[in-house]
file target21.cif (mmCIF, C-alpha atoms)
data_entry
#
loop_
_atom_site.group_PDB
_atom_site.id
_atom_site.type_symbol
_atom_site.label_atom_id
_atom_site.label_comp_id
_atom_site.auth_asym_id
_atom_site.auth_seq_id
_atom_site.Cartn_x
_atom_site.Cartn_y
_atom_site.Cartn_z
ATOM 1 C CA MET U 1356 108.519 124.499 92.663
ATOM 2 C CA LEU U 1357 107.281 124.183 96.252
ATOM 3 C CA VAL U 1358 103.800 122.689 96.495
ATOM 4 C CA LYS U 1359 101.593 121.968 99.502
ATOM 5 C CA TYR U 1360 100.007 118.537 99.558
ATOM 6 C CA ASN U 1361 97.311 117.727 102.085
ATOM 7 C CA LEU U 1362 97.355 114.858 104.534
ATOM 8 C CA ASP U 1363 93.624 115.031 105.166
ATOM 9 C CA ASP U 1364 90.491 116.860 104.071
ATOM 10 C CA LYS U 1365 91.016 119.506 106.789
ATOM 11 C CA GLY U 1366 93.968 121.137 105.022
ATOM 12 C CA THR U 1367 96.713 119.677 107.205
ATOM 13 C CA GLY U 1368 99.683 119.057 104.975
ATOM 14 C CA HIS U 1369 103.329 119.306 104.050
ATOM 15 C CA VAL U 1370 105.218 121.300 101.472
ATOM 16 C CA PHE U 1371 107.419 119.410 99.018
ATOM 17 C CA GLU U 1372 109.537 120.405 96.078
ATOM 18 C CA ARG U 1373 107.790 119.089 93.007
ATOM 19 C CA ARG U 1374 110.322 118.226 90.321
ATOM 20 C CA ASN U 1375 107.939 117.044 87.634
ATOM 21 C CA ILE U 1376 104.228 116.559 86.980
ATOM 22 C CA VAL U 1377 103.968 113.209 85.231
ATOM 23 C CA ALA U 1378 100.170 113.260 84.774
ATOM 24 C CA SER U 1379 97.353 115.436 85.989
ATOM 25 C CA CYS U 1380 93.624 115.356 85.275
ATOM 26 C CA GLN U 1381 90.184 115.705 86.743
ATOM 27 C CA SER U 1382 88.269 112.436 86.419
ATOM 28 C CA GLU U 1383 84.565 112.001 86.928
ATOM 29 C CA TYR U 1384 85.307 111.203 90.578
ATOM 30 C CA GLN U 1385 88.406 113.108 91.704
ATOM 31 C CA LYS U 1386 91.435 115.177 90.864
ATOM 32 C CA ILE U 1387 94.362 112.887 89.990
ATOM 33 C CA GLU U 1388 98.031 113.799 89.936
ATOM 34 C CA ILE U 1389 101.134 111.680 89.547
ATOM 35 C CA SER U 1390 104.279 113.661 90.244
ATOM 36 C CA ASP U 1391 107.918 113.296 91.203
ATOM 37 C CA LEU U 1392 108.775 114.998 94.502
ATOM 38 C CA ASP U 1393 112.181 115.710 95.985
ATOM 39 C CA ILE U 1394 112.265 113.322 98.960
ATOM 40 C CA LEU U 1395 109.244 111.097 98.351
ATOM 41 C CA GLY U 1396 109.954 110.209 94.731
ATOM 42 C CA ARG U 1397 106.950 109.320 92.596
ATOM 43 C CA VAL U 1398 103.605 110.005 94.286
ATOM 44 C CA LEU U 1399 99.951 109.397 93.533
ATOM 45 C CA VAL U 1400 97.818 112.299 94.710
ATOM 46 C CA LEU U 1401 94.008 112.201 94.767
ATOM 47 C CA ASP U 1402 92.111 115.403 95.557
ATOM 48 C CA ASP U 1403 95.394 116.985 96.698
ATOM 49 C CA ILE U 1404 95.995 114.217 99.287
ATOM 50 C CA ILE U 1405 99.095 112.032 98.828
ATOM 51 C CA GLN U 1406 97.979 108.404 98.625
ATOM 52 C CA LEU U 1407 101.341 106.711 98.186
ATOM 53 C CA SER U 1408 104.963 107.457 97.527
ATOM 54 C CA ASP U 1409 107.915 105.639 96.074
ATOM 55 C CA LEU U 1410 109.709 106.152 99.401
ATOM 56 C CA ASP U 1411 107.424 104.068 101.584
ATOM 57 C CA CYS U 1412 104.712 102.341 99.547
ATOM 58 C CA ASP U 1413 106.299 98.895 99.876
ATOM 59 C CA ARG U 1414 106.517 99.081 103.677
ATOM 60 C CA TYR U 1415 102.880 100.097 103.921
ATOM 61 C CA HIS U 1416 101.509 97.616 101.373
ATOM 62 C CA GLU U 1417 103.610 94.683 102.626
ATOM 63 C CA SER U 1418 102.091 95.003 106.099
ATOM 64 C CA PHE U 1419 98.634 95.626 104.672
ATOM 65 C CA ALA U 1420 98.798 92.521 102.453
ATOM 66 C CA HIS U 1421 100.704 89.922 104.404
ATOM 67 C CA ILE U 1422 99.339 90.207 107.938
ATOM 68 C CA PRO U 1423 95.782 89.186 106.941
ATOM 69 C CA MET U 1424 97.070 86.603 104.444
ATOM 70 C CA SER U 1425 99.213 84.957 107.125
ATOM 71 C CA ASN U 1426 96.036 84.228 109.083
ATOM 72 C CA VAL U 1427 94.248 82.337 106.295
ATOM 73 C CA SER U 1428 94.950 78.707 105.387
ATOM 74 C CA ASN U 1429 95.453 78.126 101.673
ATOM 75 C CA PRO U 1430 93.965 81.379 100.364
ATOM 76 C CA SER U 1431 92.662 81.191 96.802
ATOM 77 C CA ARG U 1432 90.559 84.371 96.342
ATOM 78 C CA ALA U 1433 91.048 87.966 97.426
ATOM 79 C CA LEU U 1434 88.966 91.080 96.863
ATOM 80 C CA ILE U 1435 90.503 94.544 96.826
ATOM 81 C CA LEU U 1436 88.052 97.421 97.192
ATOM 82 C CA GLY U 1437 89.853 100.401 95.658
ATOM 83 C CA GLY U 1438 93.541 99.777 95.068
ATOM 84 C CA GLY U 1439 93.539 101.136 91.527
ATOM 85 C CA ASP U 1440 97.255 101.927 91.859
ATOM 86 C CA GLY U 1441 97.956 98.165 91.760
ATOM 87 C CA ILE U 1442 100.490 98.085 94.598
ATOM 88 C CA LEU U 1443 98.427 95.950 96.991
ATOM 89 C CA ALA U 1444 97.719 93.609 94.075
ATOM 90 C CA LYS U 1445 101.486 93.363 93.472
ATOM 91 C CA GLU U 1446 101.964 92.156 97.042
ATOM 92 C CA LEU U 1447 99.108 89.653 96.826
ATOM 93 C CA LEU U 1448 100.507 88.188 93.608
ATOM 94 C CA LYS U 1449 103.330 86.788 95.747
ATOM 95 C CA TYR U 1450 100.854 84.074 96.787
ATOM 96 C CA ASP U 1451 100.776 81.303 94.206
ATOM 97 C CA ASN U 1452 97.337 80.363 92.917
ATOM 98 C CA LEU U 1453 95.666 83.435 94.443
ATOM 99 C CA GLU U 1454 93.011 84.983 92.188
ATOM 100 C CA ILE U 1455 92.318 88.664 92.789
ATOM 101 C CA ASP U 1456 89.319 90.852 92.017
ATOM 102 C CA LEU U 1457 90.229 94.539 92.199
ATOM 103 C CA VAL U 1458 87.303 96.962 92.162
ATOM 104 C CA ASP U 1459 88.092 100.656 91.722
ATOM 105 C CA ILE U 1460 85.416 103.164 90.790
ATOM 106 C CA ASP U 1461 87.806 105.373 88.830
ATOM 107 C CA PRO U 1462 89.095 103.994 85.518
ATOM 108 C CA GLU U 1463 91.429 106.994 85.210
ATOM 109 C CA VAL U 1464 93.323 105.982 88.362
ATOM 110 C CA VAL U 1465 93.754 102.487 86.924
ATOM 111 C CA ARG U 1466 94.791 103.781 83.488
ATOM 112 C CA LEU U 1467 97.301 106.279 84.845
ATOM 113 C CA SER U 1468 98.689 103.722 87.299
ATOM 114 C CA LYS U 1469 99.293 101.267 84.460
ATOM 115 C CA LEU U 1470 101.153 103.968 82.546
ATOM 116 C CA HIS U 1471 103.072 105.765 85.271
ATOM 117 C CA LEU U 1472 103.277 103.537 88.364
ATOM 118 C CA SER U 1473 104.406 100.291 86.720
ATOM 119 C CA ASP U 1474 107.782 100.499 88.496
ATOM 120 C CA LEU U 1475 105.908 100.514 91.805
ATOM 121 C CA ASN U 1476 103.168 97.990 90.980
ATOM 122 C CA ASP U 1477 105.270 95.583 88.863
ATOM 123 C CA ASN U 1478 102.576 95.661 86.159
ATOM 124 C CA SER U 1479 100.137 93.878 88.469
ATOM 125 C CA LEU U 1480 97.169 95.553 86.791
ATOM 126 C CA ILE U 1481 97.807 93.573 83.601
ATOM 127 C CA ASN U 1482 98.564 90.274 85.325
ATOM 128 C CA PRO U 1483 96.039 87.581 84.289
ATOM 129 C CA ARG U 1484 95.425 86.633 87.958
ATOM 130 C CA VAL U 1485 94.141 90.166 88.642
ATOM 131 C CA ARG U 1486 90.684 90.958 87.317
ATOM 132 C CA VAL U 1487 90.172 94.720 87.341
ATOM 133 C CA HIS U 1488 86.583 95.946 87.587
ATOM 134 C CA CYS U 1489 86.054 99.692 87.156
ATOM 135 C CA MET U 1490 82.780 100.168 88.968
ATOM 136 C CA ASP U 1491 81.246 101.078 92.304
ATOM 137 C CA ALA U 1492 82.486 98.604 94.926
ATOM 138 C CA LEU U 1493 79.108 98.218 96.611
ATOM 139 C CA LYS U 1494 77.434 97.425 93.279
ATOM 140 C CA PHE U 1495 80.153 94.865 92.543
ATOM 141 C CA CYS U 1496 79.651 93.275 95.959
ATOM 142 C CA ALA U 1497 75.882 93.111 95.436
ATOM 143 C CA LEU U 1498 76.482 91.123 92.228
ATOM 144 C CA SER U 1499 79.291 88.938 93.581
ATOM 145 C CA LYS U 1500 78.909 85.336 94.658
ATOM 146 C CA GLY U 1501 81.553 85.830 97.343
ATOM 147 C CA ASP U 1502 83.724 83.148 98.914
ATOM 148 C CA TYR U 1503 86.694 85.506 99.318
ATOM 149 C CA ASP U 1504 89.385 84.442 101.751
ATOM 150 C CA VAL U 1505 90.454 88.041 102.342
ATOM 151 C CA ILE U 1506 88.789 91.366 101.551
ATOM 152 C CA TYR U 1507 90.837 94.564 101.648
ATOM 153 C CA ALA U 1508 89.526 98.134 101.770
ATOM 154 C CA ASP U 1509 92.385 99.933 99.987
ATOM 155 C CA ILE U 1510 90.413 103.138 99.658
ATOM 156 C CA THR U 1511 90.899 106.864 99.980
ATOM 157 C CA ASP U 1512 90.140 108.481 103.318
ATOM 158 C CA PRO U 1513 86.340 108.430 103.496
ATOM 159 C CA HIS U 1514 85.761 112.151 104.048
ATOM 160 C CA PRO U 1515 82.320 113.414 102.941
ATOM 161 C CA ASP U 1516 83.382 114.410 99.404
ATOM 162 C CA SER U 1517 85.469 111.289 98.790
ATOM 163 C CA PRO U 1518 84.426 108.618 96.256
ATOM 164 C CA SER U 1519 84.861 106.087 99.093
ATOM 165 C CA SER U 1520 82.652 107.830 101.658
ATOM 166 C CA SER U 1521 79.958 105.119 101.483
ATOM 167 C CA LEU U 1522 82.297 102.127 101.754
ATOM 168 C CA LEU U 1523 82.775 101.937 105.524
ATOM 169 C CA GLY U 1524 79.231 102.210 106.846
ATOM 170 C CA LEU U 1525 77.754 99.385 108.913
ATOM 171 C CA GLU U 1526 75.577 98.182 106.028
ATOM 172 C CA ALA U 1527 78.584 98.078 103.688
ATOM 173 C CA ILE U 1528 80.662 96.129 106.210
ATOM 174 C CA ASP U 1529 77.843 93.599 106.605
ATOM 175 C CA THR U 1530 77.824 93.221 102.818
ATOM 176 C CA TYR U 1531 81.567 92.455 102.829
ATOM 177 C CA LYS U 1532 81.218 89.950 105.670
ATOM 178 C CA ASN U 1533 78.613 88.065 103.635
ATOM 179 C CA LEU U 1534 81.159 87.677 100.815
ATOM 180 C CA LEU U 1535 83.744 85.953 103.008
ATOM 181 C CA ALA U 1536 84.498 82.274 102.797
ATOM 182 C CA PRO U 1537 84.436 80.400 106.132
ATOM 183 C CA GLY U 1538 87.420 81.650 108.133
ATOM 184 C CA GLY U 1539 87.830 84.653 105.834
ATOM 185 C CA ILE U 1540 89.111 88.047 106.996
ATOM 186 C CA PHE U 1541 88.004 91.618 106.256
#
call {"tool": "encode", "arguments": {"input": "target21.cif", "output": "C-alpha cells"}}
result
Amino acid sequence: MLVKYNLDDKGTGHVFERRNIVASCQSEYQKIEISDLDILGRVLVLDDIIQLSDLDCDRYHESFAHIPMSNVSNPSRALILGGGDGILAKELLKYDNLEIDLVDIDPEVVRLSKLHLSDLNDNSLINPRVRVHCMDALKFCALSKGDYDVIYADITDPHPDSPSSSLLGLEAIDTYKNLLAPGGIF
C-alpha cells in the first residue's frame, strides 16, 4: 500500500510503499507508528512525520553523538532530552563509564521502541547505564543537580502542536546551560 509520510508539519512529504504496520497507537502526546517501508526499512513515525529509518539512522546518530563527545575530556554523564527510540543512547554507550539520563515525555514511544526497535537500538533502553525518565524534560531539568558533560536535544521538530515545542526557547536553553559541568556542551 502506498502511504504519504510528512517531512514537516506543513504537509511536505514523500510516498512510500508500506509493507507492514508493526505498531500503531495514539498516545497522550502524539500519534505513533512503527512500520516497515520498501526502501527505508523499519521506521518510527510520530504525528505522520518520519523520525528515523533503518536505512540511515546510524549515520545520523553517529554524527549526532560522537562530534560533541569528541570535544569533551573524560565524559562521565550525558543527558538526552527526548530520544525515546534509544538509538542515540546506543551510540553513547560506546563510551566506557558514561552514565546516561534519557528523558522522554512519552512512555509509549519508549515502550514501543523497546519492543520493536531493539535491532536498531541494541537494547540500549534496558542497559543499566541508561536511566530512562518518562516525564517532561523541563520538569526533569528543574529537579536535576546537573553536572552533565554533554546534553543532547534529540527531539521532534518543535512545530506548535509538537510535544517538544517548549524545549528550544531561550529560557529552556538557559536551563540546560546551567546543568552543564565546566567545559560541557549543549
call {"tool": "resolve_selection", "arguments": {"input": "target21.cif", "expression": "the PyMOL selection byres ((chain U and resi 1421-1434) around 6)", "output": "list in words"}}
result
Glu1417, Ser1418, Ala1420, Ile1435, Leu1453, Glu1454, Ile1455, Asp1456, Leu1457, Tyr1503, Asp1504, Val1505 and Ile1506 of chain U
call {"tool": "residues_around", "arguments": {"input": "target21.cif", "residues": "Asp1440 (chain U)", "least_positions_apart": "3", "cutoff": "8 Å", "atoms": "all atoms listed in the file", "output": "ChimeraX atom specification"}}
result
/U:1443,1464-1465,1468-1469,1472,1476
call {"tool": "closest_residue", "arguments": {"input": "target21.cif", "among": "U:Asp1411, U:Asp1403, U:Glu1526, U:Glu1463", "to": "Tyr1360 (chain U)", "atoms": "only C-alpha atoms"}}
result
U:Asp1403
call {"tool": "closest_residue", "arguments": {"input": "target21.cif", "among": "U:Val1370, U:Ala1508, U:Ala1536, U:Ile1387", "to": "Phe1419 (chain U)", "atoms": "only C-alpha atoms"}}
result
U:Ala1508
call {"tool": "resolve_selection", "arguments": {"input": "target21.cif", "expression": "the PyMOL selection byres ((chain U and resi 1383) around 10)", "output": "VMD selection string"}}
result
chain U and resid 1380 to 1382 1384 to 1386 1460 to 1463 1518
call {"tool": "write_last_selection", "arguments": {"input": "target21.cif", "atoms": "C-alpha atoms", "output": "PDB file, in the coordinates of the input"}}
result
ATOM      1  CA  CYS U1380      93.624 115.356  85.275  1.00  0.00           C
ATOM      2  CA  GLN U1381      90.184 115.705  86.743  1.00  0.00           C
ATOM      3  CA  SER U1382      88.269 112.436  86.419  1.00  0.00           C
ATOM      4  CA  TYR U1384      85.307 111.203  90.578  1.00  0.00           C
ATOM      5  CA  GLN U1385      88.406 113.108  91.704  1.00  0.00           C
ATOM      6  CA  LYS U1386      91.435 115.177  90.864  1.00  0.00           C
ATOM      7  CA  ILE U1460      85.416 103.164  90.790  1.00  0.00           C
ATOM      8  CA  ASP U1461      87.806 105.373  88.830  1.00  0.00           C
ATOM      9  CA  PRO U1462      89.095 103.994  85.518  1.00  0.00           C
ATOM     10  CA  GLU U1463      91.429 106.994  85.210  1.00  0.00           C
ATOM     11  CA  PRO U1518      84.426 108.618  96.256  1.00  0.00           C
TER      12      PRO U1518
END
call {"tool": "residues_around", "arguments": {"input": "target21.cif", "residues": "Gln1406 (chain U)", "least_positions_apart": "6", "cutoff": "10 Å", "atoms": "all atoms listed in the file", "output": "list in words"}}
result
Asn1361, Leu1362, Val1398, Leu1399, Val1400, Cys1412, Asp1440, Ile1510, Thr1511 and Asp1512 of chain U
call {"tool": "atom_distance", "arguments": {"input": "target21.cif", "atom1": "CA of Phe1371 (chain U)", "atom2": "CA of Asp1402 (chain U)"}}
result
16.2 Å
call {"tool": "build_atoms", "arguments": {"input": "target21.cif", "residues": "region 1371-1382 of chain U", "atoms": "all heavy atoms", "output": "PDB file, in the frame of the given file"}}
result
ATOM      1  N   PHE U1371     106.358 120.158  99.665  1.00  0.00           N
ATOM      2  CA  PHE U1371     107.419 119.410  99.018  1.00  0.00           C
ATOM      3  C   PHE U1371     107.863 120.146  97.769  1.00  0.00           C
ATOM      4  O   PHE U1371     107.088 120.894  97.164  1.00  0.00           O
ATOM      5  CB  PHE U1371     106.941 118.004  98.602  1.00  0.00           C
ATOM      6  CG  PHE U1371     106.592 117.125  99.759  1.00  0.00           C
ATOM      7  CD1 PHE U1371     105.274 116.986 100.168  1.00  0.00           C
ATOM      8  CD2 PHE U1371     107.572 116.423 100.439  1.00  0.00           C
ATOM      9  CE1 PHE U1371     104.933 116.185 101.227  1.00  0.00           C
ATOM     10  CE2 PHE U1371     107.242 115.607 101.507  1.00  0.00           C
ATOM     11  CZ  PHE U1371     105.920 115.487 101.903  1.00  0.00           C
ATOM     12  N   GLU U1372     109.088 119.888  97.362  1.00  0.00           N
ATOM     13  CA  GLU U1372     109.537 120.405  96.078  1.00  0.00           C
ATOM     14  C   GLU U1372     109.095 119.422  95.003  1.00  0.00           C
ATOM     15  O   GLU U1372     109.484 118.257  95.007  1.00  0.00           O
ATOM     16  CB  GLU U1372     111.055 120.565  96.040  1.00  0.00           C
ATOM     17  CG  GLU U1372     111.521 121.157  94.727  1.00  0.00           C
ATOM     18  CD  GLU U1372     113.015 121.379  94.676  1.00  0.00           C
ATOM     19  OE1 GLU U1372     113.644 121.493  95.727  1.00  0.00           O
ATOM     20  OE2 GLU U1372     113.537 121.414  93.539  1.00  0.00           O
ATOM     21  N   ARG U1373     108.258 119.922  94.109  1.00  0.00           N
ATOM     22  CA  ARG U1373     107.790 119.089  93.007  1.00  0.00           C
ATOM     23  C   ARG U1373     108.758 119.274  91.851  1.00  0.00           C
ATOM     24  O   ARG U1373     108.952 120.376  91.346  1.00  0.00           O
ATOM     25  CB  ARG U1373     106.369 119.471  92.596  1.00  0.00           C
ATOM     26  CG  ARG U1373     105.832 118.566  91.491  1.00  0.00           C
ATOM     27  CD  ARG U1373     104.364 118.757  91.236  1.00  0.00           C
ATOM     28  NE  ARG U1373     104.089 120.123  90.856  1.00  0.00           N
ATOM     29  CZ  ARG U1373     102.905 120.717  90.985  1.00  0.00           C
ATOM     30  NH1 ARG U1373     101.889 120.070  91.509  1.00  0.00           N
ATOM     31  NH2 ARG U1373     102.735 121.966  90.610  1.00  0.00           N
ATOM     32  N   ARG U1374     109.355 118.183  91.415  1.00  0.00           N
ATOM     33  CA  ARG U1374     110.322 118.226  90.321  1.00  0.00           C
ATOM     34  C   ARG U1374     109.660 118.094  88.963  1.00  0.00           C
ATOM     35  O   ARG U1374     110.146 118.631  87.980  1.00  0.00           O
ATOM     36  CB  ARG U1374     111.353 117.126  90.511  1.00  0.00           C
ATOM     37  CG  ARG U1374     112.192 117.346  91.746  1.00  0.00           C
ATOM     38  CD  ARG U1374     113.333 116.385  91.830  1.00  0.00           C
ATOM     39  NE  ARG U1374     114.162 116.749  92.972  1.00  0.00           N
ATOM     40  CZ  ARG U1374     114.962 115.926  93.578  1.00  0.00           C
ATOM     41  NH1 ARG U1374     115.060 114.677  93.155  1.00  0.00           N
ATOM     42  NH2 ARG U1374     115.676 116.327  94.602  1.00  0.00           N
ATOM     43  N   ASN U1375     108.542 117.351  88.927  1.00  0.00           N
ATOM     44  CA  ASN U1375     107.939 117.044  87.634  1.00  0.00           C
ATOM     45  C   ASN U1375     106.499 116.594  87.841  1.00  0.00           C
ATOM     46  O   ASN U1375     106.228 115.791  88.727  1.00  0.00           O
ATOM     47  CB  ASN U1375     108.754 115.920  86.964  1.00  0.00           C
ATOM     48  CG  ASN U1375     108.241 115.542  85.610  1.00  0.00           C
ATOM     49  OD1 ASN U1375     107.777 116.382  84.850  1.00  0.00           O
ATOM     50  ND2 ASN U1375     108.324 114.261  85.287  1.00  0.00           N
ATOM     51  N   ILE U1376     105.591 117.099  87.029  1.00  0.00           N
ATOM     52  CA  ILE U1376     104.228 116.559  86.980  1.00  0.00           C
ATOM     53  C   ILE U1376     104.210 115.536  85.850  1.00  0.00           C
ATOM     54  O   ILE U1376     104.416 115.871  84.691  1.00  0.00           O
ATOM     55  CB  ILE U1376     103.177 117.656  86.713  1.00  0.00           C
ATOM     56  CG1 ILE U1376     103.166 118.674  87.851  1.00  0.00           C
ATOM     57  CG2 ILE U1376     101.798 117.026  86.537  1.00  0.00           C
ATOM     58  CD1 ILE U1376     102.222 119.838  87.606  1.00  0.00           C
ATOM     59  N   VAL U1377     103.981 114.296  86.204  1.00  0.00           N
ATOM     60  CA  VAL U1377     103.968 113.209  85.231  1.00  0.00           C
ATOM     61  C   VAL U1377     102.614 113.147  84.528  1.00  0.00           C
ATOM     62  O   VAL U1377     102.540 112.986  83.314  1.00  0.00           O
ATOM     63  CB  VAL U1377     104.300 111.867  85.925  1.00  0.00           C
ATOM     64  CG1 VAL U1377     104.201 110.704  84.952  1.00  0.00           C
ATOM     65  CG2 VAL U1377     105.674 111.930  86.573  1.00  0.00           C
ATOM     66  N   ALA U1378     101.533 113.284  85.319  1.00  0.00           N
ATOM     67  CA  ALA U1378     100.170 113.260  84.774  1.00  0.00           C
ATOM     68  C   ALA U1378      99.272 114.017  85.732  1.00  0.00           C
ATOM     69  O   ALA U1378      99.470 113.965  86.948  1.00  0.00           O
ATOM     70  CB  ALA U1378      99.678 111.825  84.611  1.00  0.00           C
ATOM     71  N   SER U1379      98.294 114.696  85.161  1.00  0.00           N
ATOM     72  CA  SER U1379      97.353 115.436  85.989  1.00  0.00           C
ATOM     73  C   SER U1379      96.037 115.562  85.221  1.00  0.00           C
ATOM     74  O   SER U1379      96.035 115.929  84.050  1.00  0.00           O
ATOM     75  CB  SER U1379      97.905 116.824  86.313  1.00  0.00           C
ATOM     76  OG  SER U1379      97.002 117.550  87.111  1.00  0.00           O
ATOM     77  N   CYS U1380      94.932 115.218  85.910  1.00  0.00           N
ATOM     78  CA  CYS U1380      93.624 115.356  85.275  1.00  0.00           C
ATOM     79  C   CYS U1380      92.536 115.375  86.332  1.00  0.00           C
ATOM     80  O   CYS U1380      92.764 115.017  87.489  1.00  0.00           O
ATOM     81  CB  CYS U1380      93.379 114.230  84.267  1.00  0.00           C
ATOM     82  SG  CYS U1380      93.131 112.612  85.008  1.00  0.00           S
ATOM     83  N   GLN U1381      91.384 115.775  85.913  1.00  0.00           N
ATOM     84  CA  GLN U1381      90.184 115.705  86.743  1.00  0.00           C
ATOM     85  C   GLN U1381      89.316 114.597  86.163  1.00  0.00           C
ATOM     86  O   GLN U1381      88.839 114.718  85.035  1.00  0.00           O
ATOM     87  CB  GLN U1381      89.431 117.041  86.732  1.00  0.00           C
ATOM     88  CG  GLN U1381      88.127 117.035  87.487  1.00  0.00           C
ATOM     89  CD  GLN U1381      88.296 116.888  88.991  1.00  0.00           C
ATOM     90  OE1 GLN U1381      89.117 117.567  89.594  1.00  0.00           O
ATOM     91  NE2 GLN U1381      87.536 115.979  89.584  1.00  0.00           N
ATOM     92  N   SER U1382      89.137 113.511  86.900  1.00  0.00           N
ATOM     93  CA  SER U1382      88.269 112.436  86.419  1.00  0.00           C
ATOM     94  C   SER U1382      86.830 112.749  86.817  1.00  0.00           C
ATOM     95  O   SER U1382      86.544 113.771  87.440  1.00  0.00           O
ATOM     96  CB  SER U1382      88.703 111.096  87.020  1.00  0.00           C
ATOM     97  OG  SER U1382      88.302 111.006  88.372  1.00  0.00           O
TER      98      SER U1382
END
